[in-house]
Amino acid sequence: MFKRILLLPIFVLLAWLSKPAPVSAQALLPYTLQLNAEELEQQGLNLAQDAVQLTRFQQYDLALSRAKLATQLAPNSFETWFILGTLYVQNQQLDEGIEALSKAQSLKPEEAGVLFSLGNTYFQKGDYRTAVSKLEAGLKLESDVPEALFDLGNAYYMLDQYPKAIAAYQKAAAQEPNDTWPVWPAINNIGLVKYEQGDVAGAIEKWQAAIAIDPEAAEPKLAIAVALYTQGEQDRGLALGETALRSDERYADLEFLKENLWGERLISDTQKFLANPRIQATIAPSGNVPVQVEVTP
């Protein structure tokens with residue numbers, strides 16, 4: 001699972017925000033700009049569109065300032081609050097994001113994208129029950145959104161509701177049969193669940209399926225390596241682990257693995273795997289002392 005923020009909905013909003021402003025004849029007095037409420041709202045939507053465009057260039061501070069002004073000019077448009085909330089979340093200002101997204105939801109309760117974004121944000125805060133509530137509410141409106149189903153699986157997983165997590169991951173993978181996102185991560189995470197349940201063979205099968213979809217994915221390779229090593233197939237495990245860590249060294253970081261929802265059982269086995277001298281030599285920066293890994297008894 002990748003830590004991710006649902007920026008996609010605000011790009012979808014571009015189609016709505018790009019509508020041309022209504023044309024109306026205005027008599028201009030000297031030094032005075034006459035704007036009615038409709039024009040002010042359109043100006044707000046235009047600013048919101050600018051904010052979305054700025055996110056394409058990762059200009060998040062500029063985007064955020066425009067989005068804030070957009071909500072002042074168009075306070076009754078859910079789009080402006082939706083964009084502001086999403087940008088707050090992108091900036092890891094989760095409480096502010098929830099406040100803005102909740103305002104968007106109050107203006108348009110039947111907008112699934114807002115509910116999905118709220119669910120994702122509550123997940124990041126660690127409020128998994130509320131995340132489930134928001135995601136399920138959104139999925140009642142739009143049942144075939146793979147990213148939302150993936151998030152729902154993650155939330156159920158963190159609540160130790162493993163059967164529901166697997167069901168959500170399976171639905172997520174089924175929505176996009178020809179795409180790698182979120183198909184391989186969903187299948188990969190089913191493997192994580194199965195490993196925590198003690199079904200090592202089932203976990204390996206899922207990780208192999210994830211690799212078949214995306215041969216470059218390092219996470220399932222390392223997971224298989226740890227499983228093989230733990231089962232006594234040390235040479236196979238070490239060889240595969242070296243390949244995985246050379247392709248993406250972030251997976252040598254236990255905190256990174258926890259962020260990617262590796263459970264306690266798998267983390268414990270990974271600690272022992274990473275402590276192996278061959279793996280230490282692989283992950284050690286050139287010329288530096290090998291990374292020290294604390295092994296739990």
# chains A, B, ... in the order shown; residues from 1 in each chain; ligands from 1
$ residues_around --residues "Glu176 of chain A" --least-positions-apart "5" --cutoff "10 Å" --atoms "only C-alpha atoms" --output "list of chain:residue names"
A:Asp144, A:Val145, A:Pro146, A:Lys171, A:Trp181, A:Pro182, A:Val183
$ write_last_selection --atoms "all heavy atoms" --output "compact mmCIF listing (two decimals), in the first residue's frame"
# COMPACT_ATOMS: atom_id res chain seq x y z
N ASP A 144 -18.18 1.35 -7.68
CA ASP A 144 -17.11 0.72 -8.47
C ASP A 144 -15.85 1.58 -8.56
O ASP A 144 -15.16 1.57 -9.58
CB ASP A 144 -17.63 0.42 -9.88
CG ASP A 144 -18.12 1.67 -10.59
OD1 ASP A 144 -18.22 2.73 -9.95
OD2 ASP A 144 -18.42 1.59 -11.80
N VAL A 145 -15.54 2.31 -7.51
CA VAL A 145 -14.34 3.17 -7.50
C VAL A 145 -13.21 2.39 -6.85
O VAL A 145 -13.21 2.19 -5.62
CB VAL A 145 -14.61 4.48 -6.75
CG1 VAL A 145 -13.35 5.35 -6.74
CG2 VAL A 145 -15.77 5.23 -7.39
N PRO A 146 -12.22 1.92 -7.61
CA PRO A 146 -11.20 1.03 -7.05
C PRO A 146 -10.37 1.66 -5.95
O PRO A 146 -10.01 0.99 -4.97
CB PRO A 146 -10.35 0.65 -8.27
CG PRO A 146 -10.63 1.68 -9.30
CD PRO A 146 -12.04 2.13 -9.06
N LYS A 171 -12.55 -6.63 -4.46
CA LYS A 171 -13.40 -5.78 -5.28
C LYS A 171 -12.57 -4.70 -5.97
O LYS A 171 -12.80 -4.36 -7.13
CB LYS A 171 -14.49 -5.14 -4.43
CG LYS A 171 -15.56 -6.11 -3.98
CD LYS A 171 -16.62 -5.40 -3.13
CE LYS A 171 -17.68 -6.36 -2.64
NZ LYS A 171 -18.69 -5.68 -1.78
N TRP A 181 -2.69 -0.18 -11.09
CA TRP A 181 -3.11 0.53 -9.88
C TRP A 181 -4.62 0.60 -9.84
O TRP A 181 -5.23 1.06 -10.81
CB TRP A 181 -2.52 1.94 -9.82
CG TRP A 181 -3.05 2.68 -8.62
CD1 TRP A 181 -4.12 3.52 -8.55
CD2 TRP A 181 -2.57 2.55 -7.28
NE1 TRP A 181 -4.33 3.93 -7.27
CE2 TRP A 181 -3.39 3.36 -6.46
CE3 TRP A 181 -1.52 1.83 -6.70
CZ2 TRP A 181 -3.20 3.47 -5.09
CZ3 TRP A 181 -1.34 1.96 -5.34
CH2 TRP A 181 -2.16 2.77 -4.55
N PRO A 182 -5.26 0.21 -8.73
CA PRO A 182 -4.61 -0.36 -7.54
C PRO A 182 -4.63 -1.88 -7.53
O PRO A 182 -4.74 -2.48 -6.46
CB PRO A 182 -5.47 0.20 -6.42
CG PRO A 182 -6.86 0.17 -7.00
CD PRO A 182 -6.69 0.47 -8.48
N VAL A 183 -4.50 -2.51 -8.69
CA VAL A 183 -4.66 -3.96 -8.73
C VAL A 183 -3.56 -4.66 -7.95
O VAL A 183 -3.82 -5.45 -7.03
CB VAL A 183 -4.72 -4.47 -10.19
CG1 VAL A 183 -4.83 -5.99 -10.20
CG2 VAL A 183 -5.90 -3.84 -10.92
$ residues_around --residues "segment 74-87 of chain A" --least-positions-apart "6" --cutoff "8 Å" --atoms "only C-alpha atoms" --output "ChimeraX atom specification"
/A:6-7,10,13,40-45,48,51-52,60,63-64,67-68,96-101,103-105,107-108,114,117
$ atom_distance --atom1 "atom CA of Leu159 of chain A" --atom2 "atom CA of Gln175 of chain A"
23.8 Å
$ atom_distance --atom1 "atom CA of Thr55 of chain A" --atom2 "atom CA of Ser102 of chain A"
21.4 Å
$ atom_distance --atom1 "atom CA of Glu147 of chain A" --atom2 "atom CA of Tyr251 of chain A"
22.8 Å
$ residues_around --residues "Phe116 of chain A" --least-positions-apart "6" --cutoff "12 Å" --atoms "only C-alpha atoms" --output "ChimeraX atom specification"
/A:5-9,82,86,98,101-102,105,109-110,122-123,130-143,145-152
$ write_last_selection --atoms "N, CA and C atoms" --output "short mmCIF file (atom, residue, chain, number, x, y, z; two decimals), in the first residue's frame"
data_model
loop_
_atom_site.label_atom_id
_atom_site.label_comp_id
_atom_site.auth_asym_id
_atom_site.auth_seq_id
_atom_site.Cartn_x
_atom_site.Cartn_y
_atom_site.Cartn_z
N ILE A 5 -2.82 10.39 -1.28
CA ILE A 5 -3.88 11.34 -1.02
C ILE A 5 -4.69 11.47 -2.29
N LEU A 6 -5.99 11.52 -2.12
CA LEU A 6 -6.86 11.50 -3.28
C LEU A 6 -6.90 12.86 -3.96
N LEU A 7 -5.90 13.13 -4.78
CA LEU A 7 -5.92 14.36 -5.57
C LEU A 7 -6.75 14.20 -6.84
N LEU A 8 -7.01 12.97 -7.25
CA LEU A 8 -7.74 12.76 -8.49
C LEU A 8 -9.05 13.53 -8.55
N PRO A 9 -9.88 13.55 -7.49
CA PRO A 9 -11.15 14.24 -7.60
C PRO A 9 -11.04 15.70 -8.00
N PHE A 82 -14.25 21.62 -1.55
CA PHE A 82 -13.66 20.32 -1.87
C PHE A 82 -12.18 20.49 -2.22
N THR A 86 -8.95 19.25 -0.01
CA THR A 86 -7.99 18.32 -0.58
C THR A 86 -6.57 18.88 -0.51
N ILE A 98 -10.30 18.17 7.01
CA ILE A 98 -11.58 17.57 7.38
C ILE A 98 -12.65 18.65 7.52
N LEU A 101 -13.58 19.74 3.95
CA LEU A 101 -14.28 18.67 3.25
C LEU A 101 -15.67 18.44 3.84
N SER A 102 -15.80 18.59 5.15
CA SER A 102 -17.11 18.46 5.78
C SER A 102 -18.05 19.56 5.32
N GLN A 105 -19.24 18.53 2.01
CA GLN A 105 -20.25 17.49 2.14
C GLN A 105 -21.60 18.08 2.53
N PRO A 109 -24.35 16.64 -0.14
CA PRO A 109 -24.22 15.38 0.60
C PRO A 109 -24.09 14.15 -0.28
N GLU A 110 -24.58 14.22 -1.50
CA GLU A 110 -24.57 13.04 -2.37
C GLU A 110 -23.35 12.98 -3.28
N TYR A 122 -9.52 10.67 7.24
CA TYR A 122 -9.69 10.05 8.56
C TYR A 122 -8.76 8.86 8.72
N PHE A 123 -8.51 8.12 7.64
CA PHE A 123 -7.56 7.01 7.71
C PHE A 123 -6.18 7.53 8.09
N THR A 130 -14.24 5.86 11.54
CA THR A 130 -14.86 6.94 10.78
C THR A 130 -14.49 6.84 9.31
N ALA A 131 -13.26 6.42 9.04
CA ALA A 131 -12.84 6.22 7.65
C ALA A 131 -13.75 5.20 6.96
N VAL A 132 -14.02 4.09 7.65
CA VAL A 132 -14.91 3.07 7.09
C VAL A 132 -16.30 3.66 6.83
N SER A 133 -16.82 4.43 7.79
CA SER A 133 -18.15 5.01 7.66
C SER A 133 -18.24 5.91 6.43
N LYS A 134 -17.25 6.78 6.24
CA LYS A 134 -17.27 7.70 5.11
C LYS A 134 -17.09 6.97 3.78
N LEU A 135 -16.18 6.02 3.75
CA LEU A 135 -15.92 5.28 2.51
C LEU A 135 -17.14 4.45 2.11
N GLU A 136 -17.76 3.80 3.09
CA GLU A 136 -18.94 2.99 2.76
C GLU A 136 -20.09 3.86 2.29
N ALA A 137 -20.22 5.05 2.89
CA ALA A 137 -21.27 5.97 2.45
C ALA A 137 -21.04 6.39 1.00
N GLY A 138 -19.77 6.66 0.66
CA GLY A 138 -19.45 7.03 -0.72
C GLY A 138 -19.68 5.88 -1.69
N LEU A 139 -19.35 4.67 -1.25
CA LEU A 139 -19.50 3.51 -2.13
C LEU A 139 -20.97 3.14 -2.35
N LYS A 140 -21.85 3.58 -1.47
CA LYS A 140 -23.27 3.39 -1.72
C LYS A 140 -23.73 4.26 -2.89
N LEU A 141 -23.03 5.36 -3.11
CA LEU A 141 -23.36 6.26 -4.22
C LEU A 141 -22.64 5.85 -5.50
N GLU A 142 -21.39 5.44 -5.36
CA GLU A 142 -20.60 4.97 -6.51
C GLU A 142 -19.86 3.72 -6.05
N SER A 143 -20.32 2.58 -6.48
CA SER A 143 -19.85 1.32 -5.91
C SER A 143 -18.61 0.74 -6.58
N VAL A 145 -15.54 2.31 -7.51
CA VAL A 145 -14.34 3.17 -7.50
C VAL A 145 -13.21 2.39 -6.85
N PRO A 146 -12.22 1.92 -7.61
CA PRO A 146 -11.20 1.03 -7.05
C PRO A 146 -10.37 1.66 -5.95
N GLU A 147 -10.05 2.97 -6.09
CA GLU A 147 -9.23 3.61 -5.06
C GLU A 147 -9.96 3.64 -3.72
N ALA A 148 -11.28 3.90 -3.76
CA ALA A 148 -12.06 3.93 -2.53
C ALA A 148 -12.17 2.54 -1.92
N LEU A 149 -12.34 1.53 -2.75
CA LEU A 149 -12.40 0.16 -2.27
C LEU A 149 -11.06 -0.24 -1.64
N PHE A 150 -9.98 0.21 -2.25
CA PHE A 150 -8.65 -0.07 -1.71
C PHE A 150 -8.49 0.58 -0.33
N ASP A 151 -8.91 1.85 -0.22
CA ASP A 151 -8.85 2.54 1.07
C ASP A 151 -9.72 1.82 2.11
N LEU A 152 -10.88 1.35 1.68
CA LEU A 152 -11.77 0.64 2.60
C LEU A 152 -11.09 -0.64 3.10
#
$ closest_residue --among "A:Gly153, A:Gly241, A:Pro185, A:Gly191" --to "Ala167 of chain A" --atoms "only C-alpha atoms"
A:Gly153
